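Here is the file run13.cif (mmCIF, C-alpha atoms and all ligand atoms).
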data_run
loop_
_atom_site.label_atom_id
_atom_site.label_comp_id
_atom_site.auth_asym_id
_atom_site.auth_seq_id
_atom_site.Cartn_x
_atom_site.Cartn_y
_atom_site.Cartn_z
CA MET A 2 96.54 124.40 96.35
CA THR A 3 99.52 126.13 97.94
CA SER A 4 102.40 124.15 99.39
CA THR A 5 103.69 125.06 102.81
CA VAL A 6 107.45 125.23 103.39
CA THR A 7 107.29 121.76 104.92
CA GLY A 8 105.34 120.57 101.86
CA VAL A 9 108.04 121.89 99.52
CA ASP A 10 110.78 120.15 101.54
CA ALA A 11 108.81 116.89 101.53
CA ARG A 12 108.27 117.23 97.76
CA LEU A 13 112.01 117.73 97.17
CA ALA A 14 112.82 114.80 99.48
CA ALA A 15 110.53 112.68 97.29
CA VAL A 16 112.27 113.98 94.13
CA TYR A 17 115.69 112.98 95.52
CA ARG A 18 114.41 109.60 96.74
CA TYR A 19 113.81 108.51 93.12
CA GLU A 20 117.43 109.33 92.15
CA ILE A 21 116.35 110.41 88.70
CA LEU A 22 117.92 113.88 88.39
CA ASP A 23 120.90 114.04 85.98
CA THR A 24 120.60 110.38 84.98
CA PRO A 25 121.22 109.50 81.31
CA ARG A 26 118.25 109.78 78.95
CA ASP A 27 115.77 106.94 79.49
CA GLY A 28 113.97 105.65 76.40
CA THR A 29 110.76 105.07 78.36
CA PHE A 30 110.38 108.75 79.26
CA GLU A 31 111.26 109.75 75.69
CA GLY A 32 108.56 107.38 74.44
CA PHE A 33 105.94 109.03 76.67
CA ALA A 34 106.97 112.50 75.43
CA ARG A 35 106.75 111.32 71.81
CA ILE A 36 103.25 109.94 72.36
CA ALA A 37 102.11 113.21 73.97
CA ALA A 38 103.54 115.34 71.13
CA ARG A 39 101.95 113.12 68.47
CA GLN A 40 98.52 113.03 70.14
CA PHE A 41 98.42 116.80 70.64
CA ARG A 42 100.04 117.45 67.22
CA VAL A 43 102.51 119.84 68.87
CA PRO A 44 106.23 120.19 68.14
CA ILE A 45 107.38 119.93 71.75
CA SER A 46 106.62 117.64 74.69
CA THR A 47 108.74 117.20 77.77
CA VAL A 48 108.83 115.03 80.88
CA THR A 49 110.20 117.20 83.66
CA ILE A 50 111.31 116.82 87.25
CA VAL A 51 111.15 120.05 89.25
CA ASP A 52 114.25 120.40 91.45
CA ALA A 53 114.81 123.19 94.03
CA ASP A 54 116.30 125.63 91.53
CA ARG A 55 115.81 124.09 88.08
CA VAL A 56 113.41 122.13 85.94
CA TRP A 57 115.28 119.04 84.74
CA PHE A 58 114.18 117.28 81.54
CA ALA A 59 113.85 113.50 81.76
CA ALA A 60 112.74 113.69 78.11
CA ALA A 61 112.48 116.62 75.70
CA GLU A 62 110.81 115.76 72.41
CA GLY A 63 111.40 118.62 69.98
CA LEU A 64 113.98 120.35 72.20
CA PRO A 65 117.21 118.56 71.31
CA GLY A 66 120.14 119.33 73.56
CA VAL A 67 118.12 121.11 76.25
CA ALA A 68 118.80 119.50 79.65
CA GLN A 69 117.13 121.93 82.04
CA ILE A 70 115.59 125.37 82.46
CA GLY A 71 114.99 127.73 85.37
CA THR A 72 112.11 127.60 87.83
CA GLU A 73 110.44 130.88 86.82
CA PRO A 74 106.78 130.61 87.83
CA GLY A 75 104.08 130.00 85.24
CA LEU A 76 105.05 126.67 83.67
CA CYS A 77 106.31 123.40 85.27
CA ALA A 78 107.30 125.05 88.57
CA SER A 79 103.67 126.19 88.94
CA ALA A 80 102.13 123.00 87.50
CA VAL A 81 103.59 120.88 90.36
CA LEU A 82 101.83 123.11 92.90
CA GLN A 83 98.39 121.88 91.86
CA SER A 84 96.97 118.38 91.82
CA GLY A 85 95.17 118.36 88.46
CA PRO A 86 96.15 119.29 84.90
CA TYR A 87 97.58 122.78 84.36
CA VAL A 88 96.66 124.49 81.09
CA VAL A 89 97.80 127.79 79.56
CA ASN A 90 95.86 128.34 76.34
CA ASP A 91 97.61 131.53 75.29
CA ALA A 92 100.74 132.33 77.26
CA LEU A 93 101.11 135.79 75.77
CA VAL A 94 97.94 137.06 77.42
CA ASP A 95 97.87 134.76 80.45
CA PRO A 96 99.02 136.72 83.53
CA ARG A 97 100.69 133.56 84.91
CA THR A 98 103.06 133.27 81.93
CA MET A 99 103.18 136.53 79.93
CA ASN A 100 106.60 137.45 81.36
CA HIS A 101 108.10 133.96 81.34
CA PRO A 102 111.44 133.78 79.45
CA LEU A 103 110.18 130.92 77.25
CA VAL A 104 107.23 133.08 76.21
CA ARG A 105 109.25 136.26 75.68
CA GLY A 106 112.31 134.46 74.31
CA ALA A 107 113.25 132.64 71.12
CA LEU A 108 111.07 129.62 71.88
CA ASN A 109 107.99 131.85 71.57
CA LEU A 110 105.88 129.51 73.73
CA ARG A 111 102.15 130.23 73.44
CA PHE A 112 100.45 127.00 74.51
CA TYR A 113 101.33 124.83 77.52
CA ALA A 114 99.40 121.93 79.07
CA ALA A 115 100.78 119.71 81.84
CA ALA A 116 99.74 116.91 84.17
CA PRO A 117 101.69 116.36 87.39
CA ILE A 118 103.74 113.20 87.94
CA THR A 119 102.39 112.17 91.34
CA THR A 120 103.98 109.54 93.59
CA ARG A 121 101.99 106.92 95.50
CA ASP A 122 102.36 109.05 98.64
CA GLY A 123 101.02 112.12 96.85
CA HIS A 124 104.16 114.11 96.02
CA ARG A 125 104.25 115.87 92.65
CA LEU A 126 107.75 115.40 91.23
CA GLY A 127 107.33 117.09 87.87
CA THR A 128 105.14 117.06 84.78
CA VAL A 129 104.35 115.49 81.46
CA ASN A 130 103.61 118.49 79.26
CA VAL A 131 103.03 119.65 75.70
CA ILE A 132 104.14 122.97 74.21
CA ASP A 133 103.25 124.83 71.02
CA SER A 134 104.12 128.19 69.51
CA ALA A 135 100.46 128.84 68.66
CA PRO A 136 97.63 129.31 71.17
CA ARG A 137 95.03 126.54 71.34
CA ASP A 138 92.29 124.89 73.38
CA VAL A 139 92.39 121.44 74.91
CA SER A 140 89.68 118.84 75.24
CA THR A 141 88.97 116.80 78.36
CA ASP A 142 90.20 113.72 76.45
CA GLU A 143 93.51 115.45 75.84
CA THR A 144 94.05 116.43 79.49
CA SER A 145 93.06 112.86 80.46
CA LEU A 146 95.76 111.54 78.13
CA LEU A 147 98.34 113.77 79.83
CA THR A 148 97.14 112.55 83.25
CA ASP A 149 97.41 108.91 82.12
CA LEU A 150 100.90 109.45 80.72
CA ALA A 151 101.97 111.16 83.96
CA ALA A 152 100.65 108.13 85.91
CA LEU A 153 102.70 105.82 83.66
CA VAL A 154 105.80 107.95 84.26
CA ALA A 155 105.19 107.71 88.03
CA GLN A 156 104.83 103.93 87.69
CA HIS A 157 108.08 103.71 85.72
CA LEU A 158 109.85 105.74 88.44
CA GLU A 159 108.58 103.27 91.08
CA LEU A 160 109.81 100.25 89.08
CA ARG A 161 113.13 101.96 88.46
CA LEU A 162 113.54 102.64 92.19
CA ALA A 163 112.59 99.04 93.07
CA ALA A 164 115.23 97.80 90.60
CA LEU A 165 117.85 100.11 92.15
CA ASP A 166 116.96 98.80 95.63
CA ALA A 167 117.19 95.19 94.43
CA VAL A 168 120.62 95.77 92.88
CA ARG A 169 121.84 97.39 96.11
CA ALA A 170 120.52 94.54 98.25
CA GLU A 171 122.30 92.07 95.97
CA GLN A 172 125.53 94.05 96.22
CA ALA A 173 125.27 94.05 100.03
CA LEU A 174 124.78 90.27 100.04
CA ARG A 175 127.80 89.85 97.78
CA ARG A 176 129.88 92.07 100.08
CA ASP A 177 128.82 89.91 103.06
CA ALA A 178 129.73 86.76 101.17
CA ASP A 179 133.11 88.26 100.23
CA THR A 180 133.77 89.16 103.88
CA ARG A 181 132.88 85.64 104.98
CA ALA A 182 135.03 84.11 102.25
CA ALA A 183 137.99 86.30 103.29
CA ALA A 184 137.53 85.36 106.97
CA SER A 185 137.35 81.67 106.08
CA MET A 186 140.51 81.94 103.95
CA GLN A 187 142.30 83.61 106.86
CA LEU A 188 141.16 80.86 109.19
CA ALA A 189 142.32 78.18 106.75
CA ALA A 190 145.75 79.81 106.58
CA ARG A 191 146.03 79.95 110.39
CA MET A 192 144.95 76.29 110.61
CA ARG A 193 147.58 75.30 108.04
CA SER A 194 150.38 76.98 109.94
CA ALA A 195 149.15 75.64 113.32
CA GLY A 196 148.92 72.13 111.82
CA ALA A 197 152.51 72.40 110.56
CA ALA A 198 153.72 73.49 114.02
CA GLN A 199 151.80 70.74 115.84
CA ARG A 200 152.63 67.87 113.49
CA THR A 201 155.52 66.67 115.63
CA THR A 202 153.66 67.08 118.96
CA GLU A 203 152.40 63.88 120.53
CA HIS A 204 148.65 63.63 119.98
CA PRO A 205 145.73 61.14 119.81
CA GLY A 206 145.26 59.30 116.54
CA HIS A 207 141.65 60.29 115.98
CA CYS A 208 139.66 63.50 116.13
CA GLN A 209 138.14 64.14 119.55
CA LEU A 210 135.63 66.73 118.35
CA GLY A 211 133.11 64.40 116.69
CA GLY A 212 130.66 64.71 119.60
CA PRO A 213 128.54 61.69 120.64
CA ALA A 214 128.72 60.27 117.10
CA GLY A 215 132.53 60.29 117.18
CA CYS A 216 134.90 61.08 114.30
CA THR A 217 137.39 58.67 112.79
CA ALA A 218 139.38 61.30 110.92
CA ASP A 219 143.02 61.90 111.86
CA ALA A 220 143.63 64.39 114.65
CA GLU A 221 145.80 67.13 113.17
CA LEU A 222 145.13 70.30 115.18
CA LYS A 223 144.80 71.20 118.82
CA VAL A 224 142.25 73.71 120.05
CA ALA A 225 141.72 75.12 123.54
CA ASP A 226 139.13 77.33 125.17
CA THR A 227 139.51 80.24 127.55
CA TRP A 228 139.01 77.90 130.56
CA GLY A 229 142.11 75.94 129.56
CA ASP A 230 140.35 72.85 128.23
CA HIS A 231 141.78 71.46 125.04
CA ALA A 232 141.26 68.75 122.43
CA TRP A 233 142.70 67.47 119.17
CA GLY A 234 140.54 67.43 116.08
CA CYS A 235 140.40 66.89 112.36
CA PRO A 236 140.55 70.08 110.23
CA ALA A 237 136.79 69.98 109.50
CA HIS A 238 135.75 69.78 113.16
CA VAL A 239 138.39 72.31 114.22
CA GLU A 240 137.13 74.77 111.61
CA GLU A 241 133.55 74.18 112.74
CA ILE A 242 134.29 74.81 116.39
CA LEU A 243 136.51 77.85 115.67
CA THR A 244 133.78 79.35 113.51
CA HIS A 245 130.92 78.79 115.95
CA ALA A 246 132.44 79.01 119.45
CA SER A 247 133.90 82.43 120.18
CA SER A 248 135.90 81.26 123.22
CA VAL A 249 137.81 78.54 121.33
CA PHE A 250 141.21 79.13 119.67
CA LEU A 251 143.98 77.13 118.03
CA ALA A 252 146.14 75.90 120.91
CA THR A 253 149.71 74.86 121.47
CA GLN A 254 149.75 74.04 125.18
CA GLU A 255 149.25 70.52 126.47
CA LEU A 256 145.84 70.73 128.10
CA ASP A 257 142.93 68.35 128.26
CA GLY A 258 139.20 68.47 128.70
CA LEU A 259 137.64 70.01 125.61
CA ALA A 260 136.98 66.55 124.17
CA GLY A 261 134.94 65.78 127.29
CA TYR A 262 133.07 69.05 126.93
CA ARG A 263 132.21 68.26 123.29
CA SER A 264 131.10 64.69 124.17
CA ARG A 265 128.54 65.71 126.81
ZN ZN A 301 136.58 65.25 113.27
#
Output the file's structure as structure tokens, nothing else.
Amino acid sequence: MTSTVTGVDARLAAVYRYEILDTPRDGTFEGFARIAARQFRVPISTVTIVDADRVWFAAAEGLPGVAQIGTEPGLCASAVLQSGPYVVNDALVDPRTMNHPLVRGALNLRFYAAAPITTRDGHRLGTVNVIDSAPRDVSTDETSLLTDLAALVAQHLELRLAALDAVRAEQALRRDADTRAAASMQLAARMRSAGAAQRTTEHPGHCQLGGPAGCTADAELKVADTWGDHAWGCPAHVEEILTHASSVFLATQELDGLAGYRSR
């Protein structure tokens, strides 16, 4: 199965959506690589994510200190182009891999088997693979194990992404709450200074903003609206009306009428 240019872009978009590249080592991925290496009795197993120009290791059992390799065709970069398992029994004679640097180089790779890590929407992000320096065959059970491990890796990526989303949603809520708290502190400060300025002004004894039920609290602050109506209220009712009615502000002028408006 060959990917079109659009397919490659969509695959990379999926890779970036999971925000996994260059994250610190995750014990879950390392556990999957360890299981694969043990089951295949091979020295090396990696969990890879294939980026545009590199193969990044989410886990690298048996390859300590290796973080990424190039995207030369033949191994992981080719394995993500097909939907099923990808097996190279003897890399030295396989035309797909015989010139690959890991085959020709110090690693002396001879055997490679991989299953693609496939997202729910069908994008292949990378592989779970096993590597040996001797050629060998694989059984159907073994490729099934790789496929199962790759499905578990995909599942872990989904859970990880859901957790990231949840943390971000929580942070956004906290930011909203902080903004509201700051606005309410600002309002309280303005009400305090208005109350101090209006203390000596002649005003009714009780709050006029209690609506039909009335309010027996002391009137301390005067508010007015953009039509020029005004009323005196207790701090609680003044704060309520300032918060909910956009046309009402803390007033200083001697106007009347807002109490009537609130009592209707
Ligand atoms: Zn009141």
Which residues sit within 7 Å of ligand ZN 301 (chain A), counting only C-alpha atoms and all ligand atoms, listed as a ChimeraX atom specification? /A:208-211,216-218,234-238
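Of the listed residues (A:Ala60, A:Leu147, A:Ala197, A:Ile70), A:Leu147 comes nearest to A:Tyr87; the distances count only C-alpha atoms.
The interatomic distance for the pair atom CA of A:Ala151 and atom CA of A:Glu62 works out to 15.3 Å.
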Contacts of stretch 12-19 of chain A at 12 Å (all atoms listed in the file; same-chain gap of 3+ positions) as JSON, numbers by chain: {"A": [4, 5, 6, 7, 8, 9, 22, 23, 24, 49, 50, 51, 52, 53, 54, 55, 56, 57, 81, 82, 118, 119, 120, 121, 122, 123, 124, 125, 126, 127, 154, 155, 156, 157, 158, 159, 160, 161, 162, 163, 164, 165, 166]}
Compile the contact shell of A:Arg111 as a PDB file with C-alpha atoms, in the coordinates of the input: residues with an atom at most 7 Å away, counting all atoms listed in the file, same-chain residues fewer than 6 positions apart removed.
ATOM      1  CA  ASP A  91      97.610 131.530  75.290  1.00  0.00           C
ATOM      2  CA  ALA A  92     100.740 132.330  77.260  1.00  0.00           C
ATOM      3  CA  LEU A  93     101.110 135.790  75.770  1.00  0.00           C
ATOM      4  CA  VAL A 104     107.230 133.080  76.210  1.00  0.00           C
ATOM      5  CA  ASP A 133     103.250 124.830  71.020  1.00  0.00           C
ATOM      6  CA  SER A 134     104.120 128.190  69.510  1.00  0.00           C
ATOM      7  CA  ALA A 135     100.460 128.840  68.660  1.00  0.00           C
ATOM      8  CA  PRO A 136      97.630 129.310  71.170  1.00  0.00           C
TER       9      PRO A 136
END
Which polymer residues, whether protein, DNA or RNA, lie within 12 Å of the coordinate (99.8, 113.7, 72.0) when you count all atoms listed in the file? List them as a PyMOL selection string, using the chain letters and numbers from the file. chain A and resi 32-47+62+114-115+129-133+139-140+142-150
Using only C-alpha atoms, please write the residues we just selected to a file, as a compact mmCIF listing (two decimals), in the frame of the given file.
# COMPACT_ATOMS: atom_id res chain seq x y z
CA GLY A 32 108.56 107.38 74.44
CA PHE A 33 105.94 109.03 76.67
CA ALA A 34 106.97 112.50 75.43
CA ARG A 35 106.75 111.32 71.81
CA ILE A 36 103.25 109.94 72.36
CA ALA A 37 102.11 113.21 73.97
CA ALA A 38 103.54 115.34 71.13
CA ARG A 39 101.95 113.12 68.47
CA GLN A 40 98.52 113.03 70.14
CA PHE A 41 98.42 116.80 70.64
CA ARG A 42 100.04 117.45 67.22
CA VAL A 43 102.51 119.84 68.87
CA PRO A 44 106.23 120.19 68.14
CA ILE A 45 107.38 119.93 71.75
CA SER A 46 106.62 117.64 74.69
CA THR A 47 108.74 117.20 77.77
CA GLU A 62 110.81 115.76 72.41
CA ALA A 114 99.40 121.93 79.07
CA ALA A 115 100.78 119.71 81.84
CA VAL A 129 104.35 115.49 81.46
CA ASN A 130 103.61 118.49 79.26
CA VAL A 131 103.03 119.65 75.70
CA ILE A 132 104.14 122.97 74.21
CA ASP A 133 103.25 124.83 71.02
CA VAL A 139 92.39 121.44 74.91
CA SER A 140 89.68 118.84 75.24
CA ASP A 142 90.20 113.72 76.45
CA GLU A 143 93.51 115.45 75.84
CA THR A 144 94.05 116.43 79.49
CA SER A 145 93.06 112.86 80.46
CA LEU A 146 95.76 111.54 78.13
CA LEU A 147 98.34 113.77 79.83
CA THR A 148 97.14 112.55 83.25
CA ASP A 149 97.41 108.91 82.12
CA LEU A 150 100.90 109.45 80.72
Figure out the distance between atom CA of A:Asn109 and atom CA of A:Val67, please, to one decimal in Å. 15.5 Å
Around (146.5, 66.7, 119.0) in the file's frame, which residues reach within 10 Å when counting only C-alpha atoms? Return as a PyMOL selection string? chain A and resi 196+199-209+219-224+231-235+252-253+255-256
Show me, as a VMD selection string, the residues that have an atom within 9 Å of A:Ala80 when counting all atoms listed in the file, minus same-chain residues fewer than 4 positions from it. chain A and resid 74 to 76 84 to 88 114 to 117 127 to 128
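If all atoms listed in the file are the atoms counted, then among A:Asp226, A:Asp177, A:Glu171, A:Glu241 the closest residue to A:Met192 is A:Glu241.
Distance check against A:Cys77 using all atoms listed in the file: of A:Asn90, A:Thr98, A:Ser247, A:Thr227, the minimum falls on A:Thr98.
Our summary of the geometry notes that atom CA of A:Thr72 is positioned 11.3 Å from atom CA of A:Leu103.
Each of A:Ala78, A:Gln187, A:Arg26, A:Ala225 was checked against A:Ala61 using all atoms listed in the file; the smallest atom-to-atom distance is that of A:Arg26.
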Counting only C-alpha atoms, closest pick from A:Thr141, A:Leu243, A:Arg176, A:Gly229 relative to A:Leu188 is A:Leu243
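Using only C-alpha atoms, the nearest neighbour of A:Pro25 within the list A:Ala173, A:Ala59, A:Ala178, A:Arg97 is A:Ala59.
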As a CSV table (one decimal), keeping the file's coordinate frame, could you write out stretch 133-151 of chain A once it has been completed with N, CA and C atoms?
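result18.csv, freshly written:
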chain,number,residue,atom,x,y,z
A,133,ASP,N,103.4,124.4,72.4
A,133,ASP,CA,103.2,124.8,71.0
A,133,ASP,C,103.5,126.3,70.9
A,134,SER,N,103.9,126.8,69.7
A,134,SER,CA,104.1,128.2,69.5
A,134,SER,C,102.9,128.9,69.0
A,135,ALA,N,101.7,128.2,69.0
A,135,ALA,CA,100.5,128.8,68.7
A,135,ALA,C,99.5,128.6,69.8
A,136,PRO,N,98.6,129.5,70.1
A,136,PRO,CA,97.6,129.3,71.2
A,136,PRO,C,96.6,128.2,70.7
A,137,ARG,N,96.1,127.5,71.7
A,137,ARG,CA,95.0,126.5,71.3
A,137,ARG,C,94.2,126.1,72.6
A,138,ASP,N,93.1,125.4,72.3
A,138,ASP,CA,92.3,124.9,73.4
A,138,ASP,C,92.6,123.4,73.6
A,139,VAL,N,92.2,122.9,74.7
A,139,VAL,CA,92.4,121.4,74.9
A,139,VAL,C,91.1,120.8,75.3
A,140,SER,N,90.9,119.6,74.9
A,140,SER,CA,89.7,118.8,75.2
A,140,SER,C,89.9,118.1,76.5
A,141,THR,N,88.8,117.6,77.1
A,141,THR,CA,89.0,116.8,78.4
A,141,THR,C,89.7,115.5,78.1
A,142,ASP,N,89.5,114.9,76.9
A,142,ASP,CA,90.2,113.7,76.4
A,142,ASP,C,91.7,114.0,76.4
A,143,GLU,N,92.1,115.1,75.9
A,143,GLU,CA,93.5,115.4,75.8
A,143,GLU,C,94.1,115.6,77.2
A,144,THR,N,93.5,116.3,78.1
A,144,THR,CA,94.0,116.4,79.5
A,144,THR,C,94.1,115.1,80.2
A,145,SER,N,93.1,114.2,79.9
A,145,SER,CA,93.1,112.9,80.5
A,145,SER,C,94.3,112.1,80.0
A,146,LEU,N,94.6,112.2,78.7
A,146,LEU,CA,95.8,111.5,78.1
A,146,LEU,C,97.0,112.0,78.9
A,147,LEU,N,97.2,113.3,79.1
A,147,LEU,CA,98.3,113.8,79.8
A,147,LEU,C,98.4,113.2,81.2
A,148,THR,N,97.2,113.1,81.9
A,148,THR,CA,97.1,112.6,83.2
A,148,THR,C,97.5,111.1,83.2
A,149,ASP,N,97.1,110.3,82.2
A,149,ASP,CA,97.4,108.9,82.1
A,149,ASP,C,98.9,108.7,81.9
A,150,LEU,N,99.5,109.6,81.0
A,150,LEU,CA,100.9,109.4,80.7
A,150,LEU,C,101.7,109.8,82.0
A,151,ALA,N,101.3,110.8,82.7
A,151,ALA,CA,102.0,111.2,84.0
A,151,ALA,C,101.9,110.0,85.0
